[in-house]
Amino acid sequence: MSRARQEDRTGPAPARTWTARRAALVVAAVLGAAFVVVVAVRTPWTVLPPPPGGAAPVSDDAGLPAEVVRRAEALAGDLRPASLANLLLGLAVSALFGLTRLGSRLVGALGRADGRRWPLTVLAATVVLLLAGRLATLPISAYGEVVRHRYGLSTRSWGLWLRDVAVNTAIDAGLTALGLLALVALARRAPRTWWAWASAGAAALVVTGSFLYPVVIEPAFNSFASLPAGQLRTHVLELAEESGTPVEDVLVADASRRTTSLNAYVSGFGSTRRVVLYDTLLADVPDDEIESIVAHELGHVATDDVLTGTLMGALGAAGAVALLGWLLSWPPLLRRAGAGSAGDPRVVPLVLLLSAVGTLAATPVQNLVSRHVEARADLHALDLTGDAAAFVAMQQRLGETNLSDPSPPAAWQWFFGSHPTTAQRVAMAEDWLGPGGR
């Protein structure tokens, strides 16, 4: 019997295990430090210095009508408890399978942990566990859809909603199952160094996903058509040229099949870069406001936000997998989950739980960076168009149409807010104008 196969069955020698575990922790710390450095250097912590006389006050209503603010706050009051319940229930289901023998028994019922068919066991276990979590939270998701229909935000039929849920779940389960299959395979092949290879693979997947998402995932949910020739198309292409980020096309997404919300974005790289407008923008939104929101999105390209985000994601993913290598070599945790090693298919429920906890822990950090990046894109829009009035009108229109709470609770904004609030964005435009423009 080869040493690799012997270690696969009995586990590596204790001294080697300790050395490998310590190495995983050191690498996780180094990658974590590199992530912190990139965040510190690449995040625009001060976007616009306060003008003479001080920054403009941030109002509670962002200049929105009182009825709009009331509806936005009522919507938030209906959705926030459901969002928290969905989050906590999902974690509870993951913990139930990941920290008790229930998960390992489920994996055992789906197939043998040893033998030649272990890959099928890993794949089946991942899909079943993710499906169980999705089914547990499905009623809460359905309630959220009912609320969005009630407030006029969702236009989806229930058939389309179920189709979206199914497609999203299938993509998530498929990609996660393949990732866990690779992880377990590496752990069986190289019990002491699997985490190093898996870390490199995780970083590579983040980079690959950034390039493939626009051409693989986006078409699964929306159809796209080129914006017909006209003044708006010409102005958008001119804005892109002036921004130093030329695009190949201006597309319109059929978002109105699902929502009344307004949005636009830039996706793709190089020859595949394109501006995408929600078709809801083309109904009755003035061109200057559309150009303002497009200028904001072009700001992300001009400052390489996608590339920076990809680098942060790659470092974060690699560091998380190295940390996972440290955790999965801790015997008490493995015993708690009913798994023998990282190469045991019964480790799947535990890995899913640790991934969910890690994602939750990273959320406020990601959103902190995102808010500053979005503010810098707002400044780019103001500088590129030179039209603060259109910028403010667009932000207020977004707040009114999307029913965004203009001033959410500070704790909620800190944890979940990926963009500055509407009130903060309006105040920033006033700061950009300076005292003479107020």
# chains A, B, ... in the order shown; residues from 1 in each chain; ligands from 1
>>> select_by_dssp(residues="segment 307-345 of chain A", states="alpha helix (DSSP H)", output="ChimeraX atom specification")
/A:307-327,331-337
>>> residues_around(residues="Leu333 of chain A", least_positions_apart="2", cutoff="12 Å", atoms="only C-alpha atoms", output="list in words")
Gly98, Leu99, Thr100, Arg101, Leu324, Trp326, Leu327, Leu328, Ser329, Trp330, Pro331, Arg335, Arg336, Ala337, Gly338, Ala339, Gly340, Ser341, Ala342, Val347, Leu350, Val351 and Leu354 of chain A
>>> residues_around(residues="Arg258 of chain A", least_positions_apart="2", cutoff="9 Å", atoms="only C-alpha atoms", output="list in words")
Leu153, Ser154, Thr155, Arg156, Ser157, Leu160, Trp161, Asp254, Ala255, Ser256, Thr260 and Ser261 of chain A
>>> atom_distance(atom1="atom CA of Ala166 of chain A", atom2="atom CA of Val266 of chain A")
26.2 Å
>>> residues_around(residues="Ser59 of chain A", least_positions_apart="5", cutoff="8 Å", atoms="only C-alpha atoms", output="ChimeraX atom specification")
/A:423-424,427
>>> write_last_selection(atoms="N, CA and C atoms", output="PDB file, in the first residue's frame")
ATOM      1  N   ALA A 423     -29.888  59.924   0.703  1.00  0.00           N
ATOM      2  CA  ALA A 423     -29.623  61.213   1.348  1.00  0.00           C
ATOM      3  C   ALA A 423     -28.137  61.566   1.284  1.00  0.00           C
ATOM      4  N   GLN A 424     -27.272  60.592   1.469  1.00  0.00           N
ATOM      5  CA  GLN A 424     -25.827  60.835   1.397  1.00  0.00           C
ATOM      6  C   GLN A 424     -25.394  61.215  -0.018  1.00  0.00           C
ATOM      7  N   ALA A 427     -26.441  64.791  -0.727  1.00  0.00           N
ATOM      8  CA  ALA A 427     -25.556  65.710  -0.001  1.00  0.00           C
ATOM      9  C   ALA A 427     -24.199  65.809  -0.694  1.00  0.00           C
TER      10      ALA A 427
END
>>> residues_around(residues="segment 72-75 of chain A", least_positions_apart="3", cutoff="6 Å", atoms="only C-alpha atoms", output="ChimeraX atom specification")
/A:69,78,403-405
>>> residues_around(residues="Gly32 of chain A", least_positions_apart="2", cutoff="8 Å", atoms="only C-alpha atoms", output="list in words")
Ala28, Ala29, Val30, Ala34, Phe35, Val36, Leu315, Gly316 and Gly319 of chain A
>>> select_by_dssp(residues="segment 189-368 of chain A", states="strand (DSSP E)", output="list in words")
Phe224, Ala225, Ser226, Asp249, Val250, Leu251, Val252, Ala253, Ala264, Tyr265, Val266, Ser267, Arg274, Val275, Val276, Leu277 and Tyr278 of chain A
>>> write_last_selection(atoms="C-alpha atoms", output="CSV table (one decimal), in the first residue's frame")
chain,number,residue,atom,x,y,z
A,224,PHE,CA,-30.4,41.7,-24.4
A,225,ALA,CA,-30.8,43.8,-27.5
A,226,SER,CA,-28.8,46.7,-28.9
A,249,ASP,CA,-22.2,48.3,-27.6
A,250,VAL,CA,-25.1,49.7,-25.7
A,251,LEU,CA,-27.6,47.0,-24.8
A,252,VAL,CA,-31.1,47.0,-23.3
A,253,ALA,CA,-32.0,44.2,-20.8
A,264,ALA,CA,-27.8,50.3,-15.5
A,265,TYR,CA,-24.4,48.7,-15.4
A,266,VAL,CA,-21.2,48.1,-17.5
A,267,SER,CA,-20.1,44.5,-18.0
A,274,ARG,CA,-20.9,47.0,-23.0
A,275,VAL,CA,-23.2,49.4,-21.3
A,276,VAL,CA,-26.5,47.7,-20.2
A,277,LEU,CA,-29.6,49.7,-19.6
A,278,TYR,CA,-32.7,48.3,-17.9
>>> atom_distance(atom1="atom CA of Leu382 of chain A", atom2="atom CA of Trp45 of chain A")
18.1 Å
>>> closest_residue(among="A:Ile140, A:Val348, A:Val294, A:Ala283", to="Leu106 of chain A", atoms="only C-alpha atoms")
A:Val348
>>> residues_around(residues="Ala203 of chain A", least_positions_apart="5", cutoff="12 Å", atoms="only C-alpha atoms", output="PyMOL selection string")
chain A and resi 31+196-198+208-210+310-322
>>> closest_atom_pairs(of="segment 304-410 of chain A", to="segment 172-191 of chain A", cutoff="7 Å", atoms="only C-alpha atoms", output="CSV")
residue,atom,partner,partner_atom,distance
A:Ala342,CA,A:Ala187,CA,5.7
A:Gly343,CA,A:Arg188,CA,4.6
A:Asp344,CA,A:Val184,CA,6.9
A:Pro345,CA,A:Val184,CA,6.9
>>> atom_distance(atom1="atom CA of Val285 of chain A", atom2="atom CA of Asn263 of chain A")
11.3 Å
